[in-house]
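Structure data (mmCIF, N, CA, C and O atoms) from my_file.cif:
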```
data_coords
#
loop_
_atom_site.label_atom_id
_atom_site.label_comp_id
_atom_site.auth_asym_id
_atom_site.auth_seq_id
_atom_site.Cartn_x
_atom_site.Cartn_y
_atom_site.Cartn_z
N MET Q 1033 176.29 -157.36 136.71
CA MET Q 1033 175.53 -157.85 135.58
C MET Q 1033 176.22 -157.42 134.29
O MET Q 1033 176.59 -156.27 134.12
N LYS Q 1034 176.38 -158.37 133.38
CA LYS Q 1034 176.98 -158.10 132.08
C LYS Q 1034 176.02 -157.22 131.26
O LYS Q 1034 174.81 -157.39 131.33
N LYS Q 1035 176.59 -156.31 130.48
CA LYS Q 1035 175.75 -155.43 129.65
C LYS Q 1035 174.99 -156.24 128.61
O LYS Q 1035 175.49 -157.24 128.09
N ILE Q 1036 173.80 -155.79 128.33
CA ILE Q 1036 172.95 -156.41 127.32
C ILE Q 1036 173.38 -155.89 125.96
O ILE Q 1036 173.41 -154.67 125.74
N GLU Q 1037 173.70 -156.80 125.05
CA GLU Q 1037 174.15 -156.40 123.73
C GLU Q 1037 172.94 -156.19 122.82
O GLU Q 1037 172.11 -157.08 122.64
N VAL Q 1038 172.86 -154.99 122.24
CA VAL Q 1038 171.79 -154.63 121.33
C VAL Q 1038 172.42 -154.39 119.97
O VAL Q 1038 173.08 -153.37 119.75
N LYS Q 1039 172.26 -155.36 119.05
CA LYS Q 1039 172.81 -155.23 117.70
C LYS Q 1039 171.72 -154.67 116.79
O LYS Q 1039 170.63 -155.24 116.71
N ILE Q 1040 172.05 -153.59 116.13
CA ILE Q 1040 171.10 -152.93 115.24
C ILE Q 1040 171.63 -153.03 113.81
O ILE Q 1040 172.73 -152.58 113.52
N CYS Q 1041 170.82 -153.61 112.92
CA CYS Q 1041 171.21 -153.71 111.53
C CYS Q 1041 171.14 -152.33 110.89
O CYS Q 1041 170.14 -151.63 111.01
N ALA Q 1042 172.22 -151.95 110.23
CA ALA Q 1042 172.28 -150.66 109.55
C ALA Q 1042 172.43 -150.84 108.05
O ALA Q 1042 172.86 -149.94 107.35
N GLY Q 1043 172.05 -152.03 107.56
CA GLY Q 1043 172.04 -152.25 106.12
C GLY Q 1043 171.03 -151.32 105.46
O GLY Q 1043 170.18 -150.73 106.13
N THR Q 1044 171.10 -151.19 104.18
CA THR Q 1044 170.28 -150.21 103.46
C THR Q 1044 168.79 -150.38 103.75
O THR Q 1044 168.11 -149.41 104.09
N ALA Q 1045 168.26 -151.59 103.61
CA ALA Q 1045 166.83 -151.79 103.82
C ALA Q 1045 166.43 -151.46 105.26
O ALA Q 1045 165.44 -150.76 105.49
N CYS Q 1046 167.20 -151.93 106.24
CA CYS Q 1046 166.88 -151.65 107.64
C CYS Q 1046 167.01 -150.16 107.95
O CYS Q 1046 166.21 -149.60 108.70
N PHE Q 1047 168.03 -149.53 107.37
CA PHE Q 1047 168.23 -148.10 107.59
C PHE Q 1047 167.01 -147.32 107.11
O PHE Q 1047 166.48 -146.48 107.82
N VAL Q 1048 166.56 -147.65 105.91
CA VAL Q 1048 165.40 -146.95 105.33
C VAL Q 1048 164.13 -147.22 106.14
O VAL Q 1048 163.27 -146.36 106.26
N MET Q 1049 164.04 -148.40 106.75
CA MET Q 1049 162.83 -148.79 107.46
C MET Q 1049 162.82 -148.37 108.93
O MET Q 1049 161.89 -148.71 109.66
N GLY Q 1050 163.84 -147.63 109.40
CA GLY Q 1050 163.76 -147.07 110.73
C GLY Q 1050 164.89 -147.36 111.69
O GLY Q 1050 164.81 -147.00 112.87
N ALA Q 1051 165.96 -148.01 111.25
CA ALA Q 1051 167.06 -148.31 112.16
C ALA Q 1051 167.65 -147.07 112.84
O ALA Q 1051 168.01 -147.14 114.03
N PRO Q 1052 167.74 -145.91 112.17
CA PRO Q 1052 168.31 -144.73 112.85
C PRO Q 1052 167.54 -144.32 114.11
O PRO Q 1052 168.15 -143.88 115.09
N GLN Q 1053 166.23 -144.50 114.10
CA GLN Q 1053 165.46 -144.16 115.30
C GLN Q 1053 165.82 -145.07 116.47
O GLN Q 1053 165.85 -144.64 117.61
N ILE Q 1054 166.14 -146.32 116.17
CA ILE Q 1054 166.53 -147.26 117.22
C ILE Q 1054 167.95 -146.99 117.68
O ILE Q 1054 168.28 -147.11 118.85
N GLN Q 1055 168.82 -146.59 116.75
CA GLN Q 1055 170.20 -146.26 117.10
C GLN Q 1055 170.25 -145.10 118.10
O GLN Q 1055 171.23 -144.98 118.85
N ALA Q 1056 169.21 -144.30 118.14
CA ALA Q 1056 169.16 -143.18 119.09
C ALA Q 1056 169.19 -143.66 120.54
O ALA Q 1056 169.47 -142.88 121.45
N LEU Q 1057 168.94 -144.96 120.75
CA LEU Q 1057 169.04 -145.52 122.11
C LEU Q 1057 170.41 -145.27 122.72
O LEU Q 1057 170.54 -145.15 123.93
N GLU Q 1058 171.42 -145.21 121.87
CA GLU Q 1058 172.79 -145.01 122.36
C GLU Q 1058 172.91 -143.73 123.18
O GLU Q 1058 173.66 -143.66 124.14
N PHE Q 1059 172.16 -142.71 122.80
CA PHE Q 1059 172.25 -141.41 123.47
C PHE Q 1059 171.00 -141.03 124.24
O PHE Q 1059 171.04 -140.13 125.07
N ASN Q 1060 169.88 -141.71 123.98
CA ASN Q 1060 168.61 -141.34 124.59
C ASN Q 1060 167.89 -142.51 125.25
O ASN Q 1060 166.66 -142.55 125.26
N ALA Q 1061 168.62 -143.45 125.77
CA ALA Q 1061 167.99 -144.60 126.42
C ALA Q 1061 167.30 -144.17 127.71
O ALA Q 1061 167.78 -143.27 128.41
N PRO Q 1062 166.17 -144.79 128.04
CA PRO Q 1062 165.53 -144.51 129.31
C PRO Q 1062 166.50 -144.77 130.47
O PRO Q 1062 167.36 -145.65 130.38
N ASP Q 1063 166.38 -143.99 131.53
CA ASP Q 1063 167.31 -144.06 132.65
C ASP Q 1063 167.46 -145.46 133.25
O ASP Q 1063 168.54 -145.84 133.68
N ASP Q 1064 166.36 -146.23 133.27
CA ASP Q 1064 166.42 -147.54 133.91
C ASP Q 1064 167.22 -148.57 133.12
O ASP Q 1064 167.59 -149.62 133.66
N ILE Q 1065 167.53 -148.30 131.84
CA ILE Q 1065 168.30 -149.25 131.05
C ILE Q 1065 169.60 -148.68 130.51
O ILE Q 1065 170.44 -149.42 130.01
N ALA Q 1066 169.79 -147.38 130.60
CA ALA Q 1066 170.92 -146.70 129.95
C ALA Q 1066 172.28 -147.31 130.29
O ALA Q 1066 173.11 -147.49 129.40
N ASP Q 1067 172.51 -147.63 131.53
CA ASP Q 1067 173.83 -148.15 131.92
C ASP Q 1067 173.93 -149.67 131.82
O ASP Q 1067 174.94 -150.26 132.17
N LYS Q 1068 172.87 -150.31 131.29
CA LYS Q 1068 172.85 -151.76 131.21
C LYS Q 1068 172.95 -152.29 129.79
O LYS Q 1068 172.89 -153.49 129.58
N ILE Q 1069 173.08 -151.39 128.82
CA ILE Q 1069 173.10 -151.82 127.42
C ILE Q 1069 174.36 -151.40 126.69
O ILE Q 1069 175.00 -150.42 127.06
N GLU Q 1070 174.70 -152.17 125.70
CA GLU Q 1070 175.79 -151.84 124.78
C GLU Q 1070 175.20 -151.88 123.38
O GLU Q 1070 174.71 -152.92 122.93
N ILE Q 1071 175.21 -150.76 122.69
CA ILE Q 1071 174.67 -150.66 121.34
C ILE Q 1071 175.78 -151.00 120.34
O ILE Q 1071 176.87 -150.45 120.41
N VAL Q 1072 175.47 -151.91 119.42
CA VAL Q 1072 176.40 -152.31 118.39
C VAL Q 1072 175.71 -152.13 117.04
O VAL Q 1072 174.66 -152.74 116.81
N GLU Q 1073 176.28 -151.31 116.20
CA GLU Q 1073 175.73 -151.14 114.86
C GLU Q 1073 176.41 -152.14 113.93
O GLU Q 1073 177.63 -152.23 113.88
N VAL Q 1074 175.60 -152.91 113.22
CA VAL Q 1074 176.10 -153.94 112.32
C VAL Q 1074 175.76 -153.53 110.90
O VAL Q 1074 174.62 -153.14 110.62
N ARG Q 1075 176.72 -153.59 110.02
CA ARG Q 1075 176.49 -153.14 108.64
C ARG Q 1075 175.32 -153.86 108.00
O ARG Q 1075 174.47 -153.27 107.39
N CYS Q 1076 175.25 -155.16 108.12
CA CYS Q 1076 174.12 -155.92 107.62
C CYS Q 1076 174.09 -157.25 108.37
O CYS Q 1076 175.12 -157.90 108.52
N MET Q 1077 172.93 -157.66 108.83
CA MET Q 1077 172.79 -158.91 109.56
C MET Q 1077 172.34 -160.06 108.65
O MET Q 1077 172.27 -161.20 109.08
N ASN Q 1078 172.00 -159.74 107.41
CA ASN Q 1078 171.57 -160.72 106.41
C ASN Q 1078 170.28 -161.45 106.76
O ASN Q 1078 170.00 -162.50 106.19
N HIS Q 1079 169.49 -160.94 107.69
CA HIS Q 1079 168.22 -161.60 108.00
C HIS Q 1079 167.23 -161.47 106.84
O HIS Q 1079 166.41 -162.36 106.64
N CYS Q 1080 167.32 -160.40 106.09
CA CYS Q 1080 166.41 -160.24 104.95
C CYS Q 1080 166.72 -161.24 103.85
O CYS Q 1080 165.87 -161.52 103.01
N ASN Q 1081 167.91 -161.81 103.86
CA ASN Q 1081 168.30 -162.82 102.87
C ASN Q 1081 168.04 -164.24 103.36
O ASN Q 1081 168.29 -165.19 102.65
N LYS Q 1082 167.56 -164.38 104.58
CA LYS Q 1082 167.35 -165.72 105.17
C LYS Q 1082 165.88 -166.10 105.21
O LYS Q 1082 165.45 -166.86 106.05
N GLY Q 1083 165.09 -165.51 104.35
CA GLY Q 1083 163.69 -165.89 104.30
C GLY Q 1083 162.76 -164.93 105.03
O GLY Q 1083 161.57 -164.98 104.85
N SER Q 1084 163.30 -164.07 105.89
CA SER Q 1084 162.44 -163.13 106.60
C SER Q 1084 161.88 -162.08 105.65
O SER Q 1084 160.77 -161.63 105.80
N GLY Q 1085 162.69 -161.67 104.70
CA GLY Q 1085 162.24 -160.70 103.71
C GLY Q 1085 162.49 -159.28 104.13
O GLY Q 1085 162.56 -158.97 105.32
N TYR Q 1086 162.63 -158.41 103.15
CA TYR Q 1086 162.92 -157.00 103.41
C TYR Q 1086 161.81 -156.32 104.22
O TYR Q 1086 162.07 -155.43 104.98
N ASN Q 1087 160.58 -156.76 104.03
CA ASN Q 1087 159.47 -156.10 104.71
C ASN Q 1087 159.41 -156.40 106.21
O ASN Q 1087 158.51 -155.93 106.88
N LYS Q 1088 160.33 -157.17 106.73
CA LYS Q 1088 160.36 -157.48 108.17
C LYS Q 1088 161.37 -156.64 108.93
O LYS Q 1088 161.51 -156.76 110.12
N GLY Q 1089 162.12 -155.79 108.24
CA GLY Q 1089 163.12 -154.95 108.89
C GLY Q 1089 162.46 -153.74 109.54
O GLY Q 1089 161.28 -153.51 109.37
N PRO Q 1090 163.19 -153.00 110.32
CA PRO Q 1090 164.59 -153.22 110.66
C PRO Q 1090 164.74 -154.38 111.64
O PRO Q 1090 163.84 -154.68 112.42
N PHE Q 1091 165.91 -155.01 111.57
CA PHE Q 1091 166.21 -156.14 112.44
C PHE Q 1091 167.12 -155.69 113.58
O PHE Q 1091 168.05 -154.94 113.37
N VAL Q 1092 166.80 -156.19 114.77
CA VAL Q 1092 167.61 -155.90 115.96
C VAL Q 1092 167.73 -157.21 116.73
O VAL Q 1092 166.77 -157.98 116.81
N GLU Q 1093 168.90 -157.44 117.29
CA GLU Q 1093 169.10 -158.58 118.18
C GLU Q 1093 169.41 -158.06 119.58
O GLU Q 1093 170.27 -157.20 119.74
N VAL Q 1094 168.68 -158.57 120.55
CA VAL Q 1094 168.92 -158.23 121.95
C VAL Q 1094 169.43 -159.51 122.61
O VAL Q 1094 168.69 -160.49 122.73
N ASN Q 1095 170.71 -159.49 122.98
CA ASN Q 1095 171.38 -160.70 123.52
C ASN Q 1095 171.13 -161.91 122.62
O ASN Q 1095 170.85 -163.00 123.10
N GLY Q 1096 171.18 -161.69 121.32
CA GLY Q 1096 171.05 -162.78 120.36
C GLY Q 1096 169.62 -163.13 119.96
O GLY Q 1096 169.42 -163.94 119.07
N GLU Q 1097 168.62 -162.53 120.60
CA GLU Q 1097 167.23 -162.79 120.24
C GLU Q 1097 166.77 -161.78 119.21
O GLU Q 1097 166.83 -160.57 119.44
N LEU Q 1098 166.29 -162.27 118.08
CA LEU Q 1098 165.92 -161.43 116.96
C LEU Q 1098 164.58 -160.74 117.16
O LEU Q 1098 163.61 -161.37 117.60
N ILE Q 1099 164.55 -159.46 116.83
CA ILE Q 1099 163.30 -158.70 116.78
C ILE Q 1099 163.13 -158.26 115.33
O ILE Q 1099 163.98 -157.56 114.78
N GLU Q 1100 162.04 -158.68 114.71
CA GLU Q 1100 161.70 -158.25 113.36
C GLU Q 1100 160.79 -157.03 113.46
O GLU Q 1100 160.08 -156.86 114.45
N GLU Q 1101 160.80 -156.22 112.42
CA GLU Q 1101 159.99 -155.00 112.40
C GLU Q 1101 160.19 -154.21 113.70
O GLU Q 1101 159.25 -153.78 114.34
N ALA Q 1102 161.45 -154.08 114.06
CA ALA Q 1102 161.81 -153.47 115.33
C ALA Q 1102 161.43 -151.99 115.37
O ALA Q 1102 161.52 -151.28 114.38
N THR Q 1103 161.00 -151.59 116.55
CA THR Q 1103 160.74 -150.19 116.86
C THR Q 1103 161.44 -149.90 118.18
O THR Q 1103 161.83 -150.83 118.90
N MET Q 1104 161.57 -148.63 118.49
CA MET Q 1104 162.18 -148.27 119.77
C MET Q 1104 161.42 -148.93 120.92
O MET Q 1104 162.02 -149.47 121.85
N GLU Q 1105 160.10 -148.91 120.86
CA GLU Q 1105 159.27 -149.47 121.93
C GLU Q 1105 159.49 -150.97 122.08
O GLU Q 1105 159.62 -151.48 123.20
N LYS Q 1106 159.53 -151.70 120.95
CA LYS Q 1106 159.75 -153.15 121.01
C LYS Q 1106 161.12 -153.47 121.60
O LYS Q 1106 161.26 -154.40 122.40
N VAL Q 1107 162.13 -152.71 121.21
CA VAL Q 1107 163.49 -152.97 121.67
C VAL Q 1107 163.61 -152.67 123.17
O VAL Q 1107 164.16 -153.47 123.93
N VAL Q 1108 163.07 -151.55 123.60
CA VAL Q 1108 163.13 -151.19 125.03
C VAL Q 1108 162.38 -152.24 125.85
O VAL Q 1108 162.86 -152.66 126.91
N LYS Q 1109 161.24 -152.70 125.37
CA LYS Q 1109 160.48 -153.72 126.10
C LYS Q 1109 161.30 -155.00 126.22
O LYS Q 1109 161.37 -155.61 127.29
N LYS Q 1110 161.95 -155.40 125.12
CA LYS Q 1110 162.75 -156.62 125.14
C LYS Q 1110 163.93 -156.48 126.11
O LYS Q 1110 164.24 -157.42 126.86
N ILE Q 1111 164.57 -155.33 126.12
CA ILE Q 1111 165.68 -155.09 127.06
C ILE Q 1111 165.18 -155.21 128.49
O ILE Q 1111 165.82 -155.86 129.32
N ARG Q 1112 164.05 -154.61 128.78
CA ARG Q 1112 163.49 -154.68 130.14
C ARG Q 1112 163.12 -156.11 130.50
O ARG Q 1112 163.30 -156.53 131.65
N ASP Q 1113 162.61 -156.89 129.54
CA ASP Q 1113 162.30 -158.30 129.79
C ASP Q 1113 163.56 -159.08 130.12
O ASP Q 1113 163.55 -159.92 131.03
N VAL Q 1114 164.65 -158.82 129.40
CA VAL Q 1114 165.92 -159.50 129.66
C VAL Q 1114 166.44 -159.14 131.05
O VAL Q 1114 166.88 -160.01 131.80
N ILE Q 1115 166.35 -157.87 131.40
CA ILE Q 1115 166.81 -157.43 132.73
C ILE Q 1115 165.98 -158.12 133.81
O ILE Q 1115 166.54 -158.63 134.79
N ALA Q 1116 164.67 -158.14 133.65
CA ALA Q 1116 163.80 -158.77 134.65
C ALA Q 1116 164.10 -160.26 134.78
O ALA Q 1116 164.15 -160.80 135.89
N LYS Q 1117 164.32 -160.93 133.65
CA LYS Q 1117 164.64 -162.36 133.68
C LYS Q 1117 165.95 -162.62 134.41
O LYS Q 1117 166.03 -163.52 135.24
N GLU Q 1118 166.96 -161.80 134.13
CA GLU Q 1118 168.26 -161.97 134.79
C GLU Q 1118 168.16 -161.69 136.29
O GLU Q 1118 168.79 -162.37 137.09
N GLU Q 1119 167.36 -160.70 136.65
CA GLU Q 1119 167.20 -160.39 138.07
C GLU Q 1119 166.48 -161.52 138.79
O GLU Q 1119 166.82 -161.85 139.92
N ASN Q 1120 165.49 -162.15 138.14
CA ASN Q 1120 164.77 -163.27 138.75
C ASN Q 1120 165.66 -164.49 138.90
O ASN Q 1120 165.53 -165.24 139.86
N GLU Q 1121 166.55 -164.70 137.92
CA GLU Q 1121 167.46 -165.84 137.99
C GLU Q 1121 168.49 -165.67 139.11
O GLU Q 1121 169.00 -166.66 139.63
N ASN Q 1122 168.81 -164.44 139.47
CA ASN Q 1122 169.82 -164.16 140.49
C ASN Q 1122 169.23 -164.09 141.89
O ASN Q 1122 169.95 -163.84 142.84
N CYS Q 1123 167.94 -164.30 142.00
CA CYS Q 1123 167.30 -164.24 143.33
C CYS Q 1123 167.45 -165.53 144.07
O CYS Q 1123 167.55 -166.57 143.62
#
```
In structure tokens, write the structure found in this file.
Amino acid sequence: MKKIEVKICAGTACFVMGAPQIQALEFNAPDDIADKIEIVEVRCMNHCNKGSGYNKGPFVEVNGELIEEATMEKVVKKIRDVIAKEENENC
């Protein structure tokens, strides 16, 4: 299975709104997902400039799917959903 790409916006607004807590996934991911993810820090994803607004950050993309107002819990849930979907497709 290809690793799940987790892009975390580290632009100023996202950083202030909690991106560092999500970046901790790189070193503190739950055991069931730790070896299945690749964390990518992106300087700025420009989602706040595309109509979403600064108040919707931090922004995270999991395999290209955007999560607004991302939290560690939302990101981990999305990763687990992607893993479950891929496992069901391979059955």
- Task: Quick one: everything within 12 Å of Asp1064 of chain Q, counting only C-alpha atoms, minus sequence neighbours fewer than 5 positions away in the same chain. Send it as a list in words.
- Result: Ile1069, Val1108, Lys1109, Ile1111, Arg1112, Ile1115 and Ala1116 of chain Q
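In this model, the gap between atom C of Val1038 of chain Q and atom CA of Asn1095 of chain Q comes to 7.3 Å.
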- From the set Q:Val1094, Q:Met1104, Q:Val1048, Q:Cys1041, which residue has the shortest atom-to-atom contact distance to Lys1068 of chain Q, counting only C-alpha atoms? Q:Val1094
- Message: Rounded to one decimal, what separation in Å do you get between atom C of Pro1052 of chain Q and atom O of Val1092 of chain Q?
- Response: 13.9 Å
- Message: Starting from the PyMOL selection byres ((chain Q and resi 1050) around 8), expand the selection into actual residues of this file and give them as JSON, numbers by chain.
- Response: {"Q": [1041, 1043, 1044, 1045, 1046, 1047, 1048, 1049, 1051, 1052, 1053, 1054, 1055, 1056, 1089, 1090, 1091, 1102, 1103, 1104]}
Restricting it to N, CA, C and O atoms, dump the selection as a compact mmCIF listing (two decimals), in the frame of the given file.
```
# COMPACT_ATOMS: atom_id res chain seq x y z
N CYS Q 1041 170.82 -153.61 112.92
CA CYS Q 1041 171.21 -153.71 111.53
C CYS Q 1041 171.14 -152.33 110.89
O CYS Q 1041 170.14 -151.63 111.01
N GLY Q 1043 172.05 -152.03 107.56
CA GLY Q 1043 172.04 -152.25 106.12
C GLY Q 1043 171.03 -151.32 105.46
O GLY Q 1043 170.18 -150.73 106.13
N THR Q 1044 171.10 -151.19 104.18
CA THR Q 1044 170.28 -150.21 103.46
C THR Q 1044 168.79 -150.38 103.75
O THR Q 1044 168.11 -149.41 104.09
N ALA Q 1045 168.26 -151.59 103.61
CA ALA Q 1045 166.83 -151.79 103.82
C ALA Q 1045 166.43 -151.46 105.26
O ALA Q 1045 165.44 -150.76 105.49
N CYS Q 1046 167.20 -151.93 106.24
CA CYS Q 1046 166.88 -151.65 107.64
C CYS Q 1046 167.01 -150.16 107.95
O CYS Q 1046 166.21 -149.60 108.70
N PHE Q 1047 168.03 -149.53 107.37
CA PHE Q 1047 168.23 -148.10 107.59
C PHE Q 1047 167.01 -147.32 107.11
O PHE Q 1047 166.48 -146.48 107.82
N VAL Q 1048 166.56 -147.65 105.91
CA VAL Q 1048 165.40 -146.95 105.33
C VAL Q 1048 164.13 -147.22 106.14
O VAL Q 1048 163.27 -146.36 106.26
N MET Q 1049 164.04 -148.40 106.75
CA MET Q 1049 162.83 -148.79 107.46
C MET Q 1049 162.82 -148.37 108.93
O MET Q 1049 161.89 -148.71 109.66
N ALA Q 1051 165.96 -148.01 111.25
CA ALA Q 1051 167.06 -148.31 112.16
C ALA Q 1051 167.65 -147.07 112.84
O ALA Q 1051 168.01 -147.14 114.03
N PRO Q 1052 167.74 -145.91 112.17
CA PRO Q 1052 168.31 -144.73 112.85
C PRO Q 1052 167.54 -144.32 114.11
O PRO Q 1052 168.15 -143.88 115.09
N GLN Q 1053 166.23 -144.50 114.10
CA GLN Q 1053 165.46 -144.16 115.30
C GLN Q 1053 165.82 -145.07 116.47
O GLN Q 1053 165.85 -144.64 117.61
N ILE Q 1054 166.14 -146.32 116.17
CA ILE Q 1054 166.53 -147.26 117.22
C ILE Q 1054 167.95 -146.99 117.68
O ILE Q 1054 168.28 -147.11 118.85
N GLN Q 1055 168.82 -146.59 116.75
CA GLN Q 1055 170.20 -146.26 117.10
C GLN Q 1055 170.25 -145.10 118.10
O GLN Q 1055 171.23 -144.98 118.85
N ALA Q 1056 169.21 -144.30 118.14
CA ALA Q 1056 169.16 -143.18 119.09
C ALA Q 1056 169.19 -143.66 120.54
O ALA Q 1056 169.47 -142.88 121.45
N GLY Q 1089 162.12 -155.79 108.24
CA GLY Q 1089 163.12 -154.95 108.89
C GLY Q 1089 162.46 -153.74 109.54
O GLY Q 1089 161.28 -153.51 109.37
N PRO Q 1090 163.19 -153.00 110.32
CA PRO Q 1090 164.59 -153.22 110.66
C PRO Q 1090 164.74 -154.38 111.64
O PRO Q 1090 163.84 -154.68 112.42
N PHE Q 1091 165.91 -155.01 111.57
CA PHE Q 1091 166.21 -156.14 112.44
C PHE Q 1091 167.12 -155.69 113.58
O PHE Q 1091 168.05 -154.94 113.37
N ALA Q 1102 161.45 -154.08 114.06
CA ALA Q 1102 161.81 -153.47 115.33
C ALA Q 1102 161.43 -151.99 115.37
O ALA Q 1102 161.52 -151.28 114.38
N THR Q 1103 161.00 -151.59 116.55
CA THR Q 1103 160.74 -150.19 116.86
C THR Q 1103 161.44 -149.90 118.18
O THR Q 1103 161.83 -150.83 118.90
N MET Q 1104 161.57 -148.63 118.49
CA MET Q 1104 162.18 -148.27 119.77
C MET Q 1104 161.42 -148.93 120.92
O MET Q 1104 162.02 -149.47 121.85
```
- Residues flagged strand (DSSP E) by DSSP in chain Q, as a PyMOL selection string: chain Q and resi 1036-1041+1069-1074+1092-1094+1097-1099
- Computed gap from atom C of Val1107 of chain Q to atom N of Asp1063 of chain Q is 12.4 Å
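When only N, CA, C and O atoms are used to compute distances to Val1072 of chain Q, the closest of the residues Q:Lys1039, Q:Lys1117, Q:Lys1088, Q:Lys1034 turns out to be Q:Lys1039.
Candidate residues Q:Ile1036, Q:Ala1042, Q:Val1114, Q:Leu1057 were compared for distance to Glu1073 of chain Q, and the nearest is Q:Ala1042, using only C-alpha atoms.
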Please reconstruct the missing atoms of segment 1071-1077 of chain Q (target: all heavy atoms) and return them as a compact mmCIF listing (two decimals), in the frame of the given file.
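Result saved to part.txt:
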```txt
# COMPACT_ATOMS: atom_id res chain seq x y z
N ILE Q 1071 175.21 -150.76 122.69
CA ILE Q 1071 174.67 -150.66 121.34
C ILE Q 1071 175.78 -151.00 120.34
O ILE Q 1071 176.87 -150.45 120.41
CB ILE Q 1071 174.13 -149.24 121.05
CG1 ILE Q 1071 173.09 -148.82 122.09
CG2 ILE Q 1071 173.59 -149.15 119.62
CD1 ILE Q 1071 171.82 -149.62 122.09
N VAL Q 1072 175.47 -151.91 119.42
CA VAL Q 1072 176.40 -152.31 118.39
C VAL Q 1072 175.71 -152.13 117.04
O VAL Q 1072 174.66 -152.74 116.81
CB VAL Q 1072 176.86 -153.78 118.55
CG1 VAL Q 1072 177.81 -154.18 117.45
CG2 VAL Q 1072 177.46 -154.01 119.92
N GLU Q 1073 176.28 -151.31 116.20
CA GLU Q 1073 175.73 -151.14 114.86
C GLU Q 1073 176.41 -152.14 113.93
O GLU Q 1073 177.63 -152.23 113.88
CB GLU Q 1073 175.99 -149.72 114.36
CG GLU Q 1073 175.40 -149.43 113.00
CD GLU Q 1073 175.66 -148.01 112.55
OE1 GLU Q 1073 175.41 -147.08 113.32
OE2 GLU Q 1073 176.15 -147.86 111.41
N VAL Q 1074 175.60 -152.91 113.22
CA VAL Q 1074 176.10 -153.94 112.32
C VAL Q 1074 175.76 -153.53 110.90
O VAL Q 1074 174.62 -153.14 110.62
CB VAL Q 1074 175.46 -155.31 112.65
CG1 VAL Q 1074 175.97 -156.39 111.73
CG2 VAL Q 1074 175.71 -155.67 114.10
N ARG Q 1075 176.72 -153.59 110.02
CA ARG Q 1075 176.49 -153.14 108.64
C ARG Q 1075 175.32 -153.86 108.00
O ARG Q 1075 174.47 -153.27 107.39
CB ARG Q 1075 177.77 -153.35 107.82
CG ARG Q 1075 177.64 -152.97 106.39
CD ARG Q 1075 177.44 -151.46 106.22
NE ARG Q 1075 177.09 -151.18 104.84
CZ ARG Q 1075 175.92 -150.70 104.45
NH1 ARG Q 1075 175.00 -150.41 105.31
NH2 ARG Q 1075 175.68 -150.49 103.19
N CYS Q 1076 175.25 -155.16 108.12
CA CYS Q 1076 174.12 -155.92 107.62
C CYS Q 1076 174.09 -157.25 108.37
O CYS Q 1076 175.12 -157.90 108.52
CB CYS Q 1076 174.21 -156.16 106.12
SG CYS Q 1076 172.75 -157.01 105.46
N MET Q 1077 172.93 -157.66 108.83
CA MET Q 1077 172.79 -158.91 109.56
C MET Q 1077 172.34 -160.06 108.65
O MET Q 1077 172.27 -161.20 109.08
CB MET Q 1077 171.78 -158.74 110.70
CG MET Q 1077 172.20 -157.71 111.72
SD MET Q 1077 170.86 -157.37 112.86
CE MET Q 1077 171.60 -157.97 114.36
```
